[in-house]
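Reading through the structure tokens given below for one structure.
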Amino acid sequence: MMKSVYRFGGGTADGAADLRNHLGGKGANLAEMASIGLPVPPGLTIATPVCAAFYDAGGKLPESVKTETLDALKHVEAVTGKIFGNPADPLLVSVRSGARVSMPGMMDTVLNLGLNDATVEGLATASGNPRFAWDSYRRFIQMFADVVLGLDHYLFEDALEILKEDRGVTLDTELSAEDLQGLVARYKTIVAQTWGDEFPQDPHEQLWASIGAVFGSWRSDRARTYRRLNDIPESWGTAVTVQAMVFGNRGITSATGVAFTRDPSTGERVTYGEFLINAQGEDVVAGIRTPQYLTKAARERAGARAESMEEAMPAVYSELDRVFALLEIHYRDMQDIEFTVEDGRLWMLQTRSGKRTAKAALKIAVDMANEGLITEAEAILRVEAGALDQLLHPTLDPKAPRQVIARGLPASPGAASGVIVLDSDSAEARSRLGEAVILVRTETSPEDIHGMHAARGILTARGGMTSHAAVVARGMGRPCVSGAGTLSIDMAARTVRVPGHVLKGGDRITLDGATGEVMLGEVGTVGPELAGDFATLMEWGDKYRRMKVRTNAESPADCRTARGFGAEGIGLCRTEHMFFEPSRITSVRRMILAEEASTRAEALAELLPEQRADFEAIFRVMAGLPCTIRLLDPPLHEFLPHDETGYDDVAAATGIAPATVRRRIAELHEFNPMLGHRGCRLGITFPEIYAMQARAIFEGAIAVAKDTGEAVVPEVMVPLVATARELEITKAVIEAEAEAVFEEQGHRLDYLIGTMIELPRAALRAADIARHAEFFSFGTNDLTQTTLGISRDDAARFLGVYVDQGIYPRDPFVGIDEEGVGELVELGASRGRSTRPDLKLGICGEHGGDPASIAFVEKLGLDYVSCSPYRVPIARLAAAQAALRAKS
């Protein structure tokens, strides 16, 4: 049976890196660093299962866990030689969260715990530094009041700013011990007035309350939002680490910092990070003070004056550089490291695999494989497939005119244009309306997670390259410019001032996260360049990939894009999109409104050359590859107007009497058209429609084959089949048309006839249907709707709540519902192949571009996935990863 509490430090390590799921990333890596001899302050980690026990007990720690924690705390006391709560020379601790995957800034932290009116005096005497002691106490009160008591941290920030104004200083490091002692008194008054009781003085009361608050933050709104955006199950829970404090705020020989062993924006093999002298870690991460660079080279590149750590603390930096190299080799990945220097001594507080942009992820994976640190297969698995989306869209055109109005730090690369919004709720609301927005803040906090996700880009007036805004933006793939010091935000007036300009919410700006530039208006873009590391990793992935990757496309432009991204055919060509073209909509409407077969035949004859040209243009781009063409699927009413003006326009264009138009439209009305007269039901009642489309497909394919010598393989797909007989009847129409065309053209070609499995009955009766089908394509969009009884057009109103409450682990229209829809796919595949062993199987719904869904269908042995053109590279990499994991 596994323990609930694990010790580390001082030559002891109860845990290790392979206990990540039990100890969380932070706890596991602290134990690992301690075991390999790195300088880690001693501490203890309360394991992740306790998180569930905490909630099951109504927000209380089990007594057994309290007992284990106090026993482990004695180990910390023994290593440090200090006693928790001792007024003369107190042990102070930090209380931090640590889930099994990194969730930067989403959960709570409390530092300097154990200080009270007595221990602060003991700390001042023992350290010989009263200013440091009172600075630590004021930080503790503010953090505890915010995290544990739920008080507004701006109450304390305002008090600090007023004090600095009164003293005529700009930095908190310029305040004296006496100033800070007075500030502590003011903070305690704020607590008493707003909380209704005195600030807690018992260190043990502080400890249990803080541990509870950190566990409680696992279900905070921001943490839930982050988990939803990153597909992290709530059931995982968080661990809590209690660790002896080391102090970066003890004077000019002390510091704190955050570093990456490689550049997380570009992947370049250089030390990347920032530090602050006489500060604590939250000062760097929260962007409260603008930090200094770690290396002289980085400082010089940025044109900064303040000394780098390499210059200000050369001996400590040298040791830090050695630790960086050791950690990267040990973990075989780029590391994100937090450290503190106390009186010239280096301490390691955390290491984890660092968040990185897609571009950096590609470079780091390829470089590490080439350096021999990892294998090609490991490199493929290192890059998150979904993150490739960051690379597949346009960037700013270097030749486009631009008016730069401000500059900041290039915190997360990429470019974005949008309207200014000044708070996260507005960003989310306006984004839902389809607007591109740029979130502009003085600094972001974890509560801004929903606004950052909704925004196209993020701009902050304060903060560095490792601030909350920068780290989260890089993880999301959002362009970010941080620390734009000339920016002044007036929330009351809802304006943003930069030299020479006053901007307001709704004004349009452009960010370049690679240069740190902020530009007025919208700047032109250029297409992505997918060479170098991208091409290398795609080539490696294709060696291991089993499933083919096709595209959903119905225009030559989409086909060209998809082929450029490596698509191996068309998995879904929706023919109804072609029917909406202005040049043919009148003929389509004449066909629909026709009351006699001869009139319908005339309209179809008008449409035939148009359809043939459509298919011919697509087949020329896709020559030599299979192309699945779905015959007309949507209900006919979608092609008709819905108001009196539209009725009159149709009557005038078609020459049909207005009264007849109104009557026929009324006759075609359906209460639930998505479950009505659509799909193969149209082909059964109006076989001439499908006959025209089949003729256009075969004539177009033969024309391309004759011209190019490369024939496509048409795969004619019949939609919405529920019974074998429907497919049998429709297939006969298609085959008859194919034979007629081959006879007329004197040319034959290979083709397949199959169906879309998008109804539960079709999946259940797949063995019968497969007698007439040469392929199945699972249309998981409609299969999800018809299985769950949920309309994807309306589901957004409630699915977010369902996901938050664990009813579905993910939005079932984004990630396949494996237990329900997934089981039907599995049944359909196995039953279909029981009749026809060589049955070709694919998936063409939105799930075809979702990495988790691709991993699921790899297990089922499907032959291919099909997705939108811009998701083809994502699907290629995800399919390679799924194949590799299936073998492991």
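Lettering and numbering for the structure tokens are positional, with chains as A, B, ... in the shown order, residues counted from 1 in each chain, and ligands counted from 1 in the shown order.
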
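Contact shell of A:Tyr137 at 9 Å (only C-alpha atoms; same-chain neighbours under 6 positions omitted): Asn112, Leu113, Leu115, Asn116, Asp117, Val120, Leu180, Gln181 and Val184 of chain A.
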
When DSSP is applied to the backbone of this structure, which of stretch 32-84 of chain A are assigned helix (DSSP H, G or I)? Write them out as a VMD selection string.
chain A and resid 32 to 35 49 to 56 63 to 80

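For stretch 125-280 of chain A, backbone-based DSSP assignment of strand (DSSP E) covers Thr238, Ala239, Val240, Thr241, Val242, Gln243, Ala244, Ala255, Thr256, Gly257, Val258, Ala259, Phe260, Tyr272, Gly273, Glu274, Phe275, Leu276 and Ile277 of chain A.
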
Next, write the just-selected residues to a file, as a compact mmCIF listing (two decimals), in the first residue's frame, keeping N, CA and C atoms as the atom set.
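File result36.txt, as written:
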```txt
# COMPACT_ATOMS: atom_id res chain seq x y z
N THR A 238 -4.48 16.94 -7.28
CA THR A 238 -3.16 17.54 -7.13
C THR A 238 -2.50 17.03 -5.86
N ALA A 239 -1.18 17.00 -5.87
CA ALA A 239 -0.42 16.78 -4.64
C ALA A 239 -0.17 18.14 -3.98
N VAL A 240 0.28 18.13 -2.75
CA VAL A 240 0.68 19.35 -2.05
C VAL A 240 2.07 19.13 -1.46
N THR A 241 2.97 20.04 -1.75
CA THR A 241 4.33 19.96 -1.22
C THR A 241 4.54 21.02 -0.15
N VAL A 242 5.04 20.60 0.99
CA VAL A 242 5.42 21.51 2.09
C VAL A 242 6.94 21.45 2.17
N GLN A 243 7.59 22.59 2.01
CA GLN A 243 9.05 22.61 1.87
C GLN A 243 9.66 23.74 2.68
N ALA A 244 10.82 23.46 3.27
CA ALA A 244 11.53 24.50 4.02
C ALA A 244 11.80 25.69 3.12
N ALA A 255 18.76 36.03 -4.32
CA ALA A 255 18.00 36.25 -5.55
C ALA A 255 17.06 35.09 -5.78
N THR A 256 16.20 35.26 -6.76
CA THR A 256 15.29 34.19 -7.17
C THR A 256 15.11 34.28 -8.67
N GLY A 257 14.82 33.13 -9.29
CA GLY A 257 14.70 33.17 -10.74
C GLY A 257 13.99 31.96 -11.32
N VAL A 258 13.71 32.08 -12.61
CA VAL A 258 13.09 31.02 -13.40
C VAL A 258 13.93 30.86 -14.66
N ALA A 259 14.20 29.63 -15.06
CA ALA A 259 15.06 29.41 -16.22
C ALA A 259 14.60 28.20 -17.00
N PHE A 260 14.93 28.21 -18.29
CA PHE A 260 14.71 27.08 -19.18
C PHE A 260 16.06 26.68 -19.75
N TYR A 272 17.92 30.30 -21.06
CA TYR A 272 16.85 31.29 -21.22
C TYR A 272 16.20 31.49 -19.86
N GLY A 273 16.17 32.70 -19.39
CA GLY A 273 15.52 32.91 -18.11
C GLY A 273 15.77 34.28 -17.54
N GLU A 274 15.25 34.48 -16.33
CA GLU A 274 15.30 35.78 -15.66
C GLU A 274 15.48 35.57 -14.16
N PHE A 275 15.94 36.62 -13.52
CA PHE A 275 16.08 36.55 -12.07
C PHE A 275 15.89 37.94 -11.49
N LEU A 276 15.70 37.98 -10.19
CA LEU A 276 15.61 39.24 -9.46
C LEU A 276 16.45 39.14 -8.19
N ILE A 277 17.22 40.15 -7.93
CA ILE A 277 17.99 40.22 -6.68
C ILE A 277 17.08 40.73 -5.57
```

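Contact shell of A:Ala385 at 6 Å (only C-alpha atoms; same-chain neighbours under 3 positions omitted): A:Leu388, A:Ile874, A:Leu877, A:Ala878.
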
Can you pull out the residues contacting stretch 777-793 of chain A? Cut-off 7 Å, using only C-alpha atoms, and skip same-chain residues under 5 positions away; I want them as JSON, numbers by chain.
{"A": [755, 756, 757, 758, 759, 760, 813, 821, 841, 842, 843, 844, 845, 846, 847]}

Keeping only N, CA and C atoms, write those residues as a compact mmCIF listing (two decimals), in the first residue's frame.
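As written to disk, part08.txt reads:
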```
# COMPACT_ATOMS: atom_id res chain seq x y z
N THR A 755 -20.47 3.35 -48.11
CA THR A 755 -21.46 4.15 -47.40
C THR A 755 -20.86 4.82 -46.18
N MET A 756 -21.59 5.81 -45.73
CA MET A 756 -21.22 6.53 -44.52
C MET A 756 -21.99 5.90 -43.35
N ILE A 757 -21.29 5.46 -42.35
CA ILE A 757 -21.94 4.89 -41.16
C ILE A 757 -22.12 6.03 -40.17
N GLU A 758 -23.35 6.54 -40.11
CA GLU A 758 -23.61 7.71 -39.25
C GLU A 758 -24.90 7.57 -38.46
N LEU A 759 -25.49 6.38 -38.52
CA LEU A 759 -26.69 6.08 -37.74
C LEU A 759 -26.41 4.84 -36.88
N PRO A 760 -26.88 4.82 -35.65
CA PRO A 760 -26.64 3.64 -34.80
C PRO A 760 -27.10 2.33 -35.45
N PHE A 813 -18.27 16.27 -29.38
CA PHE A 813 -18.12 16.66 -30.77
C PHE A 813 -16.68 17.04 -31.09
N VAL A 821 -20.36 6.27 -28.70
CA VAL A 821 -20.11 6.37 -30.14
C VAL A 821 -18.95 5.46 -30.53
N LEU A 841 -11.91 0.82 -44.17
CA LEU A 841 -12.55 1.56 -43.08
C LEU A 841 -11.86 2.89 -42.84
N GLY A 842 -12.66 3.94 -42.74
CA GLY A 842 -12.11 5.26 -42.44
C GLY A 842 -13.03 6.05 -41.54
N ILE A 843 -12.60 7.22 -41.14
CA ILE A 843 -13.41 8.12 -40.32
C ILE A 843 -13.26 9.51 -40.92
N CYS A 844 -14.39 10.20 -41.09
CA CYS A 844 -14.32 11.49 -41.77
C CYS A 844 -15.01 12.62 -41.01
N GLY A 845 -15.50 12.36 -39.80
CA GLY A 845 -16.07 13.44 -39.00
C GLY A 845 -14.97 14.33 -38.44
N GLU A 846 -15.36 15.34 -37.65
CA GLU A 846 -14.37 16.24 -37.06
C GLU A 846 -13.35 15.50 -36.21
N HIS A 847 -13.73 14.33 -35.70
CA HIS A 847 -12.82 13.55 -34.87
C HIS A 847 -11.61 13.05 -35.66
```

Could you pull the residues within 7 Å of A:Gly679, counting only C-alpha atoms, minus those fewer than 2 positions along the same chain, as a VMD selection string?
chain A and resid 632 to 634 681 to 682 719 to 720

May I have the selected residues written with N, CA and C atoms, as a short mmCIF file (atom, residue, chain, number, x, y, z; two decimals), in the first residue's frame?
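Written file, selection_6.cif:
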```
data_model
loop_
_atom_site.label_atom_id
_atom_site.label_comp_id
_atom_site.auth_asym_id
_atom_site.auth_seq_id
_atom_site.Cartn_x
_atom_site.Cartn_y
_atom_site.Cartn_z
N LEU A 632 -25.34 13.70 -52.64
CA LEU A 632 -26.10 14.76 -51.97
C LEU A 632 -26.69 14.28 -50.65
N ASP A 633 -26.46 15.07 -49.59
CA ASP A 633 -26.82 14.61 -48.24
C ASP A 633 -27.88 15.47 -47.55
N PRO A 634 -27.81 16.81 -47.59
CA PRO A 634 -28.70 17.59 -46.73
C PRO A 634 -30.14 17.61 -47.22
N ARG A 681 -32.18 8.76 -48.64
CA ARG A 681 -33.63 8.83 -48.82
C ARG A 681 -33.98 9.66 -50.05
N LEU A 682 -33.14 10.68 -50.33
CA LEU A 682 -33.31 11.43 -51.57
C LEU A 682 -33.02 10.54 -52.77
N PRO A 719 -24.79 8.47 -48.40
CA PRO A 719 -24.94 8.92 -47.02
C PRO A 719 -26.23 8.44 -46.35
N LEU A 720 -26.20 8.40 -45.04
CA LEU A 720 -27.35 8.18 -44.15
C LEU A 720 -28.04 6.84 -44.37
#
```

Using only C-alpha atoms, pick whichever of A:Ala360, A:Thr119, A:Asn249, A:Phe199 has the shortest atom-to-atom distance to A:Glu268.
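With only C-alpha atoms as the atom set, the closest residue is A:Ala360.
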
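Atom CA of A:Val93 sits 9.6 Å away from atom CA of A:Val76.
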
Extract, using only C-alpha atoms, all DNA, RNA and protein residues at most 12 Å from A:Leu149, discarding same-chain residues fewer than 3 positions from it, and format them as a count of residues only.
25

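Distances to A:Leu604 were evaluated for A:Gln693, A:Thr444, A:Thr575, A:Thr69 using only C-alpha atoms, and the minimum falls at A:Gln693.
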
Restricting to only C-alpha atoms, whichever of A:Ser220, A:Glu596, A:Arg356, A:Met106 is closest to A:Gly150 is A:Ser220

With a distance cut-off of 10 Å and only C-alpha atoms, select the neighbouring residues of A:Gly566, excluding the residue or stretch itself and same-chain residues fewer than 6 positions from it, and output the selection as a PyMOL selection string.
chain A and resi 538+542+549-551+560+869+872-873+876

Just the selected residues (N, CA and C atoms), exported as a compact mmCIF listing (two decimals), in the first residue's frame, please.
```txt
# COMPACT_ATOMS: atom_id res chain seq x y z
N MET A 538 7.95 15.21 -39.71
CA MET A 538 6.89 14.57 -40.51
C MET A 538 7.45 13.33 -41.23
N ASP A 542 6.17 9.49 -40.64
CA ASP A 542 5.60 8.67 -41.70
C ASP A 542 6.23 7.27 -41.75
N VAL A 549 -3.70 9.21 -44.07
CA VAL A 549 -4.36 10.46 -43.70
C VAL A 549 -4.88 11.13 -44.97
N ARG A 550 -6.19 11.30 -45.01
CA ARG A 550 -6.84 11.97 -46.14
C ARG A 550 -7.39 13.32 -45.68
N THR A 551 -8.02 14.01 -46.61
CA THR A 551 -8.56 15.33 -46.27
C THR A 551 -10.04 15.41 -46.60
N ARG A 560 -5.30 21.45 -53.00
CA ARG A 560 -3.88 21.83 -53.13
C ARG A 560 -3.25 22.04 -51.75
N PRO A 869 -8.06 20.35 -44.34
CA PRO A 869 -6.70 20.46 -44.89
C PRO A 869 -5.67 20.91 -43.87
N VAL A 872 -4.25 18.18 -41.51
CA VAL A 872 -3.57 17.00 -42.05
C VAL A 872 -2.24 16.72 -41.35
N PRO A 873 -1.36 17.72 -41.17
CA PRO A 873 -0.10 17.42 -40.45
C PRO A 873 -0.34 16.95 -39.02
N ARG A 876 -1.30 13.37 -39.28
CA ARG A 876 -0.15 12.53 -39.63
C ARG A 876 0.69 12.23 -38.40
```

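Of the listed residues A:Glu522, A:Val621, A:Asn129, A:Ala411, the one whose atoms come nearest to A:Val472 is A:Ala411, with distances taken using only C-alpha atoms.
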
Taking a cut-off of 9 Å and counting only C-alpha atoms, can you build a table that, for each residue of stretch 129-219 of chain A near stretch 50-63 of chain A, reports the nearest atom pair and how far apart they are in Å (one decimal), sorted by chain then residue number, as a tab-separated table?
```
residue	atom	partner	partner_atom	distance
A:Trp208	CA	A:Leu61	CA	8.0
A:Ile211	CA	A:Leu61	CA	8.5
A:Gly212	CA	A:Lys60	CA	7.0
A:Phe215	CA	A:Cys51	CA	6.0
A:Gly216	CA	A:Gly59	CA	7.4
A:Trp218	CA	A:Cys51	CA	8.4
```

Can those selected residues be exported to a file as a tab-separated table (two decimals), in the first residue's frame so that it contains C-alpha atoms?
```
chain	number	residue	atom	x	y	z
A	208	TRP	CA	-3.61	23.06	7.91
A	211	ILE	CA	-2.82	22.81	2.77
A	212	GLY	CA	-6.62	22.80	2.58
A	215	PHE	CA	-6.16	21.27	-2.34
A	216	GLY	CA	-9.25	23.48	-2.68
A	218	TRP	CA	-7.81	22.19	-7.67
```

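Computed from the coordinates, the atom CA of A:Arg630 to atom CA of A:Arg664 distance equals 26.5 Å.
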